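Structure below is work-v8.txt: compact mmCIF, C-alpha atoms and all ligand atoms.
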```txt
# COMPACT_ATOMS: atom_id res chain seq x y z
CA MET A 1 -2.92 -11.81 -28.85
CA THR A 2 -1.71 -12.40 -25.29
CA LEU A 3 -1.54 -9.15 -23.31
CA ARG A 4 1.60 -8.86 -21.19
CA PHE A 5 1.70 -7.27 -17.72
CA THR A 6 4.68 -7.07 -15.41
CA LEU A 7 5.58 -6.10 -11.87
CA LEU A 8 8.68 -3.90 -11.72
CA GLY A 9 10.69 -3.70 -8.52
CA ASP A 10 13.88 -4.68 -6.77
CA PRO A 11 13.75 -7.22 -5.24
CA VAL A 12 10.70 -9.03 -6.66
CA ARG A 13 11.48 -12.67 -6.11
CA HIS A 14 9.05 -13.00 -3.20
CA SER A 15 6.22 -11.30 -5.07
CA ILE A 16 2.72 -12.73 -4.76
CA SER A 17 1.24 -10.42 -7.43
CA PRO A 18 1.77 -12.92 -10.27
CA ALA A 19 -0.29 -15.54 -8.38
CA MET A 20 -3.12 -13.07 -7.74
CA HIS A 21 -3.27 -11.80 -11.31
CA ARG A 22 -2.93 -15.21 -12.93
CA ALA A 23 -5.83 -16.46 -10.79
CA ALA A 24 -7.91 -13.48 -11.94
CA PHE A 25 -7.01 -13.92 -15.62
CA GLU A 26 -8.08 -17.55 -15.38
CA VAL A 27 -11.42 -16.78 -13.69
CA LEU A 28 -12.19 -14.03 -16.21
CA GLY A 29 -10.95 -16.06 -19.20
CA LEU A 30 -8.50 -13.32 -20.22
CA ASP A 31 -5.66 -14.05 -22.63
CA ALA A 32 -3.03 -12.31 -20.51
CA GLU A 33 0.17 -13.07 -18.62
CA TYR A 34 1.81 -11.46 -15.59
CA VAL A 35 5.44 -11.78 -14.54
CA ALA A 36 7.65 -10.07 -11.98
CA ARG A 37 10.81 -8.40 -13.20
CA ARG A 38 13.70 -7.04 -11.19
CA ILE A 39 15.03 -3.83 -12.75
CA ARG A 40 17.42 -0.99 -11.95
CA PRO A 41 16.11 2.54 -11.31
CA ASP A 42 17.33 3.84 -14.69
CA GLU A 43 15.34 1.09 -16.47
CA VAL A 44 11.94 2.11 -15.07
CA GLY A 45 10.87 4.59 -17.78
CA PRO A 46 12.27 2.62 -20.73
CA VAL A 47 10.71 -0.68 -19.58
CA MET A 48 7.31 0.95 -18.95
CA ARG A 49 7.43 2.44 -22.44
CA SER A 50 8.39 -0.82 -24.17
CA ALA A 51 5.77 -1.69 -26.77
CA GLU A 52 5.40 -5.36 -25.79
CA LEU A 53 3.86 -4.46 -22.39
CA ALA A 54 0.20 -3.54 -21.99
CA GLY A 55 0.80 -2.34 -18.43
CA GLY A 56 1.79 -3.50 -14.99
CA ASN A 57 2.52 -2.72 -11.37
CA VAL A 58 5.44 -1.06 -9.66
CA THR A 59 6.80 -1.77 -6.20
CA LEU A 60 9.73 -0.66 -4.04
CA PRO A 61 11.86 1.25 -4.80
CA HIS A 62 10.50 2.47 -8.14
CA LYS A 63 7.08 4.03 -7.44
CA LEU A 64 8.30 7.64 -7.57
CA ARG A 65 10.18 7.14 -10.84
CA ALA A 66 7.19 5.39 -12.34
CA ALA A 67 5.02 8.43 -11.54
CA ARG A 68 7.42 10.61 -13.52
CA ALA A 69 7.14 8.37 -16.61
CA LEU A 70 3.38 8.98 -16.95
CA VAL A 71 1.70 11.29 -19.44
CA GLU A 72 -1.64 10.82 -17.64
CA PRO A 73 -1.21 10.51 -13.86
CA SER A 74 -4.40 9.98 -11.83
CA ALA A 75 -5.39 12.36 -9.03
CA ALA A 76 -3.98 9.82 -6.53
CA VAL A 77 -0.62 9.81 -8.34
CA ARG A 78 -0.53 13.60 -8.36
CA ALA A 79 -1.39 13.74 -4.65
CA THR A 80 1.13 11.10 -3.56
CA GLY A 81 3.85 11.46 -6.20
CA ALA A 82 3.81 7.66 -6.49
CA CYS A 83 2.52 5.23 -9.12
CA ASN A 84 2.03 1.50 -8.50
CA CYS A 85 -0.07 0.72 -11.60
CA TRP A 86 0.28 1.79 -15.20
CA TRP A 87 -1.17 0.93 -18.60
CA ARG A 88 -0.69 1.87 -22.23
CA ARG A 89 -3.43 4.02 -23.75
CA PRO A 90 -4.62 3.30 -27.31
CA ASP A 91 -2.42 6.19 -28.52
CA GLY A 92 0.62 4.48 -26.96
CA GLU A 93 1.06 7.02 -24.12
CA LEU A 94 1.29 5.88 -20.49
CA ALA A 95 -1.45 6.42 -17.91
CA GLY A 96 -1.13 5.41 -14.27
CA ASP A 97 -2.72 5.31 -10.85
CA ASN A 98 -1.82 4.75 -7.23
CA THR A 99 -4.15 1.88 -6.39
CA ASP A 100 -2.65 1.54 -2.89
CA VAL A 101 -4.97 4.45 -2.05
CA GLY A 102 -8.11 2.68 -3.27
CA GLY A 103 -6.77 -0.63 -1.92
CA LEU A 104 -6.70 0.87 1.57
CA ASP A 105 -10.26 2.20 1.08
CA ILE A 106 -11.43 -1.29 0.14
CA ALA A 107 -9.63 -2.88 3.10
CA LEU A 108 -10.98 -0.33 5.61
CA SER A 109 -14.46 -0.86 4.28
CA ARG A 110 -14.16 -4.67 4.58
CA PHE A 111 -12.84 -4.09 8.10
CA GLY A 112 -16.00 -2.08 8.82
CA PHE A 113 -14.05 1.11 9.54
CA GLN A 114 -15.47 4.42 8.36
CA PRO A 115 -12.76 7.16 8.03
CA GLN A 116 -15.33 10.00 8.11
CA GLY A 117 -14.57 12.09 11.21
CA ALA A 118 -11.98 9.59 12.48
CA ARG A 119 -8.92 10.46 14.56
CA VAL A 120 -5.99 8.39 13.32
CA LEU A 121 -2.47 7.73 14.57
CA LEU A 122 -0.34 6.82 11.54
CA LEU A 123 2.93 4.97 12.21
CA GLY A 124 5.52 5.54 9.47
CA ALA A 125 6.13 8.15 6.78
CA GLY A 126 7.29 6.22 3.71
CA GLY A 127 5.52 5.49 0.43
CA ALA A 128 2.69 3.51 2.03
CA ALA A 129 2.07 6.36 4.48
CA ARG A 130 1.64 8.79 1.57
CA ALA A 131 -1.13 6.61 0.19
CA ALA A 132 -2.66 6.32 3.67
CA VAL A 133 -2.71 10.08 4.31
CA HIS A 134 -4.40 10.68 0.96
CA ALA A 135 -6.96 7.89 1.45
CA LEU A 136 -7.78 8.99 5.01
CA LEU A 137 -8.19 12.66 4.11
CA GLU A 138 -10.30 11.83 1.05
CA GLY A 139 -12.38 9.62 3.34
CA GLY A 140 -13.00 12.60 5.67
CA ALA A 141 -10.72 11.74 8.63
CA SER A 142 -10.73 14.63 11.09
CA SER A 143 -7.08 14.20 12.11
CA VAL A 144 -4.04 12.18 11.06
CA GLU A 145 -1.10 12.29 13.46
CA ILE A 146 2.11 10.98 11.92
CA LEU A 147 4.60 9.24 14.22
CA ASN A 148 7.83 8.23 12.48
CA ARG A 149 11.34 7.28 13.58
CA THR A 150 12.78 10.01 11.34
CA SER A 151 10.76 13.14 12.07
CA ALA A 152 12.14 15.03 9.02
CA ARG A 153 10.51 12.43 6.79
CA ALA A 154 7.20 12.84 8.63
CA HIS A 155 7.39 16.62 8.10
CA GLY A 156 8.15 15.99 4.41
CA LEU A 157 5.05 13.82 4.16
CA ARG A 158 2.89 16.51 5.78
CA ASP A 159 4.37 19.27 3.59
CA GLY A 160 3.77 17.18 0.44
CA ALA A 161 0.17 16.47 1.44
CA ILE A 162 -0.46 20.20 1.97
CA ALA A 163 1.30 21.18 -1.28
CA HIS A 164 -0.82 18.78 -3.36
CA ALA A 165 -4.11 19.43 -1.61
CA THR A 166 -6.98 21.33 -3.19
CA ASP A 167 -8.02 22.31 0.36
CA ALA A 168 -4.59 23.08 1.84
CA ASP A 169 -5.98 24.76 4.99
CA ARG A 170 -8.00 21.70 5.97
CA VAL A 171 -5.00 19.41 5.37
CA ALA A 172 -2.68 21.71 7.35
CA ASP A 173 -5.16 21.57 10.25
CA ALA A 174 -5.81 17.84 10.07
CA VAL A 175 -2.29 16.43 9.54
CA ARG A 176 0.22 16.78 12.37
CA VAL A 177 3.64 15.35 13.10
CA VAL A 178 3.97 13.97 16.62
CA ALA A 179 6.81 12.50 18.68
CA ALA A 180 4.29 10.48 20.75
CA PRO A 181 0.50 10.24 20.90
CA TYR A 182 -1.02 13.38 22.41
CA SER A 183 -1.39 13.14 26.14
CA GLY A 184 -4.88 11.90 27.02
CA ALA A 185 -6.05 11.76 23.39
CA THR A 186 -8.01 8.78 22.10
CA TYR A 187 -7.79 7.47 18.54
CA ASP A 188 -10.34 5.66 16.42
CA LEU A 189 -7.56 3.90 14.53
CA VAL A 190 -3.84 3.26 14.77
CA LEU A 191 -2.44 2.35 11.37
CA ASN A 192 0.97 0.76 10.92
CA SER A 193 2.64 1.73 7.65
CA THR A 194 6.20 1.05 8.76
CA SER A 195 7.97 -1.98 7.35
CA LEU A 196 8.38 -3.44 10.86
CA GLY A 197 6.89 -6.93 10.90
CA LEU A 198 8.21 -7.94 7.49
CA SER A 199 11.08 -9.84 9.11
CA SER A 200 10.51 -12.24 11.98
CA GLY A 201 13.04 -10.56 14.31
CA ASP A 202 11.51 -7.07 14.03
CA PRO A 203 10.38 -5.21 17.15
CA LEU A 204 6.72 -4.15 17.30
CA PRO A 205 6.06 -0.91 15.41
CA PHE A 206 4.26 0.46 18.47
CA ASP A 207 3.64 -0.95 21.94
CA LEU A 208 -0.10 -0.57 22.58
CA ASP A 209 0.27 -1.83 26.15
CA ARG A 210 2.31 0.97 27.71
CA ASP A 211 0.72 2.85 30.66
CA ALA A 212 0.60 6.08 28.68
CA VAL A 213 -1.38 4.68 25.75
CA ARG A 214 -3.29 1.66 27.06
CA GLY A 215 -6.98 1.74 26.16
CA ARG A 216 -6.74 4.71 23.83
CA PHE A 217 -7.20 2.98 20.45
CA GLY A 218 -10.53 1.87 19.02
CA ALA A 219 -9.05 -0.23 16.22
CA ALA A 220 -5.71 -1.18 14.66
CA PHE A 221 -4.71 -1.83 11.05
CA ASP A 222 -1.37 -3.33 10.03
CA MET A 223 -0.46 -2.68 6.38
CA VAL A 224 2.19 -5.39 6.65
CA TYR A 225 0.86 -8.83 5.76
CA ALA A 226 2.18 -12.23 6.68
CA ALA A 227 1.17 -15.85 6.43
CA GLY A 228 -1.10 -16.19 9.44
CA GLU A 229 -0.72 -12.75 10.98
CA THR A 230 1.97 -10.32 12.06
CA ALA A 231 3.21 -10.08 15.65
CA TRP A 232 1.61 -6.62 15.92
CA VAL A 233 -1.80 -7.94 14.86
CA ARG A 234 -1.49 -10.64 17.55
CA HIS A 235 -0.36 -8.01 20.08
CA ALA A 236 -3.40 -5.80 19.37
CA ARG A 237 -5.78 -8.75 19.49
CA THR A 238 -4.37 -9.90 22.84
CA LEU A 239 -5.24 -6.45 24.20
CA GLY A 240 -8.82 -6.74 22.94
CA ILE A 241 -8.35 -4.17 20.16
CA ARG A 242 -10.24 -4.84 16.93
CA VAL A 243 -7.48 -5.41 14.36
CA THR A 244 -6.74 -6.52 10.82
CA GLY A 245 -3.64 -7.10 8.68
CA GLY A 246 -2.66 -5.83 5.23
CA LEU A 247 -3.82 -8.70 3.01
CA ASP A 248 -7.14 -7.11 2.00
CA MET A 249 -5.29 -3.91 1.04
CA LEU A 250 -2.85 -5.90 -1.07
CA VAL A 251 -5.69 -7.69 -2.83
CA GLY A 252 -7.62 -4.41 -3.14
CA GLN A 253 -4.78 -2.66 -4.98
CA ALA A 254 -4.47 -5.67 -7.33
CA VAL A 255 -8.24 -5.71 -7.98
CA LEU A 256 -8.21 -2.01 -8.86
CA SER A 257 -5.11 -2.47 -11.06
CA LEU A 258 -6.83 -5.20 -13.06
CA GLU A 259 -9.92 -3.04 -13.44
CA ARG A 260 -7.76 -0.19 -14.82
CA TRP A 261 -6.20 -2.56 -17.39
CA PHE A 262 -9.56 -4.10 -18.37
CA PRO A 263 -12.18 -1.35 -18.02
CA GLY A 264 -15.67 -2.74 -17.55
CA ARG A 265 -14.46 -6.05 -16.05
CA ALA A 266 -15.03 -6.75 -12.34
CA ALA A 267 -11.95 -8.39 -10.79
CA PRO A 268 -12.70 -11.52 -8.69
CA PHE A 269 -11.66 -10.34 -5.21
CA GLU A 270 -12.20 -13.66 -3.43
CA ALA A 271 -10.28 -15.74 -6.01
CA MET A 272 -7.41 -13.25 -5.89
CA ARG A 273 -7.43 -13.26 -2.08
CA GLU A 274 -7.34 -17.04 -2.01
CA ALA A 275 -4.40 -17.08 -4.44
CA ALA A 276 -2.58 -14.44 -2.36
CA ALA A 277 -3.14 -16.31 0.91
CA ALA A 278 -1.97 -19.60 -0.66
CA GLU A 279 1.15 -17.93 -2.04
CA LEU A 280 1.89 -16.28 1.31
CA ALA A 281 1.55 -19.63 3.06
CA LEU A 282 4.23 -21.01 0.74
CA ARG A 283 6.51 -18.30 2.07
CA ARG A 284 6.04 -19.41 5.67
CA GLY A 285 9.35 -20.60 7.05
CA PRO A 286 12.66 -18.78 6.78
CA ASP A 287 11.90 -15.15 6.00
CA PRO A 288 13.76 -13.55 3.10
CA GLY A 289 15.96 -11.67 5.55
CA ASP A 290 16.37 -8.86 3.05
CA GLY A 291 13.37 -6.82 4.24
CA SER A 292 11.82 -7.37 0.83
CA SER A 293 8.21 -6.61 0.13
CA VAL A 294 6.22 -9.43 -1.42
CA VAL A 295 3.79 -7.19 -3.35
N1 LIG B 1 -0.87 -4.09 2.29
C1 LIG B 1 -0.49 -3.44 1.21
O1 LIG B 1 -1.11 -3.51 0.16
C2 LIG B 1 0.71 -2.58 1.26
C3 LIG B 1 0.90 -1.55 0.32
C4 LIG B 1 2.05 -0.77 0.41
C5 LIG B 1 2.98 -1.04 1.42
N2 LIG B 1 2.76 -2.06 2.29
C6 LIG B 1 3.73 -2.37 3.34
O2 LIG B 1 3.98 -1.18 4.08
C7 LIG B 1 5.32 -1.23 4.56
C8 LIG B 1 6.03 0.08 4.26
O3 LIG B 1 6.15 0.26 2.85
P1 LIG B 1 6.72 1.63 2.28
O4 LIG B 1 6.58 1.55 0.82
O5 LIG B 1 6.12 2.81 2.99
O6 LIG B 1 8.26 1.53 2.71
P2 LIG B 1 9.29 2.73 2.91
O7 LIG B 1 8.95 3.87 1.99
O8 LIG B 1 10.65 2.11 2.83
O9 LIG B 1 9.03 3.25 4.41
C9 LIG B 1 9.38 2.43 5.50
C10 LIG B 1 8.84 3.04 6.80
O10 LIG B 1 9.15 2.15 7.86
C11 LIG B 1 9.93 2.85 8.85
N3 LIG B 1 10.91 1.94 9.44
C12 LIG B 1 11.70 1.06 8.77
N4 LIG B 1 12.49 0.41 9.65
C13 LIG B 1 12.21 0.92 10.89
C14 LIG B 1 12.70 0.65 12.20
N5 LIG B 1 13.66 -0.26 12.42
N6 LIG B 1 12.17 1.34 13.24
C15 LIG B 1 11.19 2.27 13.03
N7 LIG B 1 10.70 2.57 11.80
C16 LIG B 1 11.19 1.90 10.75
C17 LIG B 1 10.60 3.97 8.10
O11 LIG B 1 10.99 4.96 9.01
P3 LIG B 1 12.16 6.03 8.62
O12 LIG B 1 11.52 7.08 7.77
O13 LIG B 1 12.62 6.52 9.94
O14 LIG B 1 13.22 5.25 7.87
C18 LIG B 1 9.46 4.40 7.17
O15 LIG B 1 8.52 5.18 7.86
C19 LIG B 1 5.99 -2.45 3.91
O16 LIG B 1 5.96 -3.50 4.83
C20 LIG B 1 5.06 -2.78 2.75
O17 LIG B 1 5.08 -4.17 2.44
C21 LIG B 1 1.64 -2.82 2.24
```
Could you write out this structure as structure tokens?
Amino acid sequence: MTLRFTLLGDPVRHSISPAMHRAAFEVLGLDAEYVARRIRPDEVGPVMRSAELAGGNVTLPHKLRAARALVEPSAAVRATGACNCWWRRPDGELAGDNTDVGGLDIALSRFGFQPQGARVLLLGAGGAARAAVHALLEGGASSVEILNRTSARAHGLRDGAIAHATDADRVADAVRVVAAPYSGATYDLVLNSTSLGLSSGDPLPFDLDRDAVRGRFGAAFDMVYAAGETAWVRHARTLGIRVTGGLDMLVGQAVLSLERWFPGRAAPFEAMREAAAAELALRRGPDPGDGSSVV
């Protein structure tokens, strides 16, 4: 029997997840299919519970609702309040994970960046930033300073991280909301989790070449991914900063999703990365113009 998986989001028409998962199913010889489906917020729970689906992924703007539909949320879902991957247990109940967290771990490791003891400047405070804060703290980062356009949202992110932490005092110490990088401070990593860079006319999420900050960042990571690379990745590289884009994180979350759906199977990272890169290249040209994610 063919197992059915689906990506739920709105919009989803630029999604590259079907290409990644179909490539993996083929390599592993799995009788499974994966489609993207655009749904309304009130459809999230009912669609996830529908008996014909074995599981799937969730993207903007439904990750918080998906978390609430789970009977068995993983520790990462409980910590972030967000679910991007779910599956049906043998008893028919829904379990889920936030594989963006592990996807970032995989990408940082491939980048050769060790979070243990690291000082991080995190740009943005949306859903991706929640996953980043959790991954960085679990990885032992010594500080995460959140810089976001809307400071109330950054404070909400910090409060949520403290509320869900088992070691609230450490998190309260390590996570700070800032209006600008601390004067004179240096950072091991600056991580962009804003959506700036998705559309070709976007400004840079952060100018690394201003007098006040020049030379203060050891490495840069852009969660946004693009065919070729984003303008911010090019900007960092021009300044001699070691930098990578978000493709490995995207592939990493897909790899971990597949391994949740098929326990004991090792997902083929390189084949999935190749499929993702090929699909992204097809999207080169006029950008969607609707700020849509292509997860
Ligand atoms: N590589 C991966 O696997 C992966 C995984 C997840 C997400 N992502 C990417 O990460 C990005 C963010 O996703 P998300 O789920 O966190 O989205 P989100 O929840 O909508 O958050 C968007 C963030 O971007 C900021 N932002 C948007 N427009 C801005 C502007 N004009 N100026 C300054 N800040 C702006 C927002 O600031 P405000 O709070 O002030 O609005 C917020 O911090 C997307 O590009 C997504 O594709 C990548």
Would you list the residues that come within 7 Å of ligand LIG 1 (chain B)? Count only C-alpha atoms and all ligand atoms and give the answer as a ChimeraX atom specification.
-> /A:60,100,103,124-129,148-150,153,193-196,198,205,223-225,246-251,253,293-295
Write the residues you've just listed into a file as a compact mmCIF listing (two decimals), in the frame of the given file, and include C-alpha atoms for each of them.
```txt
# COMPACT_ATOMS: atom_id res chain seq x y z
CA LEU A 60 9.73 -0.66 -4.04
CA ASP A 100 -2.65 1.54 -2.89
CA GLY A 103 -6.77 -0.63 -1.92
CA GLY A 124 5.52 5.54 9.47
CA ALA A 125 6.13 8.15 6.78
CA GLY A 126 7.29 6.22 3.71
CA GLY A 127 5.52 5.49 0.43
CA ALA A 128 2.69 3.51 2.03
CA ALA A 129 2.07 6.36 4.48
CA ASN A 148 7.83 8.23 12.48
CA ARG A 149 11.34 7.28 13.58
CA THR A 150 12.78 10.01 11.34
CA ARG A 153 10.51 12.43 6.79
CA SER A 193 2.64 1.73 7.65
CA THR A 194 6.20 1.05 8.76
CA SER A 195 7.97 -1.98 7.35
CA LEU A 196 8.38 -3.44 10.86
CA LEU A 198 8.21 -7.94 7.49
CA PRO A 205 6.06 -0.91 15.41
CA MET A 223 -0.46 -2.68 6.38
CA VAL A 224 2.19 -5.39 6.65
CA TYR A 225 0.86 -8.83 5.76
CA GLY A 246 -2.66 -5.83 5.23
CA LEU A 247 -3.82 -8.70 3.01
CA ASP A 248 -7.14 -7.11 2.00
CA MET A 249 -5.29 -3.91 1.04
CA LEU A 250 -2.85 -5.90 -1.07
CA VAL A 251 -5.69 -7.69 -2.83
CA GLN A 253 -4.78 -2.66 -4.98
CA SER A 293 8.21 -6.61 0.13
CA VAL A 294 6.22 -9.43 -1.42
CA VAL A 295 3.79 -7.19 -3.35
```
For CA of Ala161 (chain A) and CA of Val233 (chain A), determine how far apart the two atoms are, in Å to one decimal place.
->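 CA of Ala161 (chain A) sits 27.9 Å away from CA of Val233 (chain A).
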So how far away is CA of Arg68 (chain A) from CA of Gly45 (chain A), in Å?
-> 8.1 Å
Would you mind telling me which residue in A:Ala95, A:Ile106, A:Val133, A:Val35 lies nearest to Ser17 (chain A) when using only C-alpha atoms?
-> A:Val35
Skipping near chain neighbours, those fewer than 4 positions away, what residues fall within 7 Å of Val120 (chain A) using only C-alpha atoms, listed as number ranges by chain?
-> A: 143-145, 187-190
Would you write out those residues with C-alpha atoms, as a short mmCIF file (atom, residue, chain, number, x, y, z; two decimals), in the frame of the given file?
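File written: again_6.cif
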```cif
data_model
loop_
_atom_site.label_atom_id
_atom_site.label_comp_id
_atom_site.auth_asym_id
_atom_site.auth_seq_id
_atom_site.Cartn_x
_atom_site.Cartn_y
_atom_site.Cartn_z
CA SER A 143 -7.08 14.20 12.11
CA VAL A 144 -4.04 12.18 11.06
CA GLU A 145 -1.10 12.29 13.46
CA TYR A 187 -7.79 7.47 18.54
CA ASP A 188 -10.34 5.66 16.42
CA LEU A 189 -7.56 3.90 14.53
CA VAL A 190 -3.84 3.26 14.77
#
```
Nearby residues (all atoms listed in the file) at most 12 Å from Ala76 (chain A), same-chain spacing under 4 positions excluded, as a ChimeraX atom specification = /A:67,72,80-85,96-103,130-135,137-138,161,164-165
Those residues with C-alpha atoms, as a CSV table (one decimal), keeping the file's coordinate frame please?
```
chain,number,residue,atom,x,y,z
A,67,ALA,CA,5.0,8.4,-11.5
A,72,GLU,CA,-1.6,10.8,-17.6
A,80,THR,CA,1.1,11.1,-3.6
A,81,GLY,CA,3.8,11.5,-6.2
A,82,ALA,CA,3.8,7.7,-6.5
A,83,CYS,CA,2.5,5.2,-9.1
A,84,ASN,CA,2.0,1.5,-8.5
A,85,CYS,CA,-0.1,0.7,-11.6
A,96,GLY,CA,-1.1,5.4,-14.3
A,97,ASP,CA,-2.7,5.3,-10.8
A,98,ASN,CA,-1.8,4.8,-7.2
A,99,THR,CA,-4.2,1.9,-6.4
A,100,ASP,CA,-2.6,1.5,-2.9
A,101,VAL,CA,-5.0,4.4,-2.0
A,102,GLY,CA,-8.1,2.7,-3.3
A,103,GLY,CA,-6.8,-0.6,-1.9
A,130,ARG,CA,1.6,8.8,1.6
A,131,ALA,CA,-1.1,6.6,0.2
A,132,ALA,CA,-2.7,6.3,3.7
A,133,VAL,CA,-2.7,10.1,4.3
A,134,HIS,CA,-4.4,10.7,1.0
A,135,ALA,CA,-7.0,7.9,1.4
A,137,LEU,CA,-8.2,12.7,4.1
A,138,GLU,CA,-10.3,11.8,1.0
A,161,ALA,CA,0.2,16.5,1.4
A,164,HIS,CA,-0.8,18.8,-3.4
A,165,ALA,CA,-4.1,19.4,-1.6
```
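Coordinates place CA of Asp159 (chain A) at a distance of 22.2 Å from CA of Gln116 (chain A).
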Would you please work out which residue, of A:His62, A:Arg4, A:Arg89, A:Arg158, is nearest to Leu122 (chain A) when using only C-alpha atoms?
->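 Among the listed residues, A:Arg158 lies closest to Leu122 (chain A).
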Distance table requested - region 27-111 of chain A against region 265-274 of chain A, cut-off 12 Å, all atoms listed in the file: one row per qualifying residue with the closest atom pair and its distance in Å to one decimal, ordered by chain and rising residue number, as a tab-separated table.
```
residue	atom	partner	partner_atom	distance
A:Val27	CA	A:Pro268	CA	7.4
A:Leu28	CA	A:Ala267	CA	7.8
A:Gly29	CA	A:Arg265	CA	11.1
A:Leu30	CA	A:Arg265	CA	10.3
A:Gly103	CA	A:Phe269	CA	11.4
A:Ile106	CA	A:Phe269	CA	10.5
A:Ala107	CA	A:Phe269	CA	11.4
A:Arg110	CA	A:Phe269	CA	11.6
```
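Considering the residues A:Glu259, A:Asp167, A:Asp42, A:Asp211 and counting all atoms listed in the file, Gly56 (chain A) has its shortest atom-to-atom contact with A:Glu259.
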Closest of A:Arg49, A:Arg78, A:Lys63, A:Arg210 to Ala163 (chain A), counting only C-alpha atoms, is A:Arg78
Tell me which protein, DNA and RNA residues are within 12 Å of Gly112 (chain A), counting all atoms listed in the file, leaving out same-chain ones fewer than 6 positions away, and put them as number ranges by chain.
-> A: 105-106, 189, 219-221, 242-244
Keeping only C-alpha atoms, take the residues you just selected and write them out as a short mmCIF file (atom, residue, chain, number, x, y, z; two decimals), in the coordinates of the input.
```cif
data_model
loop_
_atom_site.label_atom_id
_atom_site.label_comp_id
_atom_site.auth_asym_id
_atom_site.auth_seq_id
_atom_site.Cartn_x
_atom_site.Cartn_y
_atom_site.Cartn_z
CA ASP A 105 -10.26 2.20 1.08
CA ILE A 106 -11.43 -1.29 0.14
CA LEU A 189 -7.56 3.90 14.53
CA ALA A 219 -9.05 -0.23 16.22
CA ALA A 220 -5.71 -1.18 14.66
CA PHE A 221 -4.71 -1.83 11.05
CA ARG A 242 -10.24 -4.84 16.93
CA VAL A 243 -7.48 -5.41 14.36
CA THR A 244 -6.74 -6.52 10.82
#
```
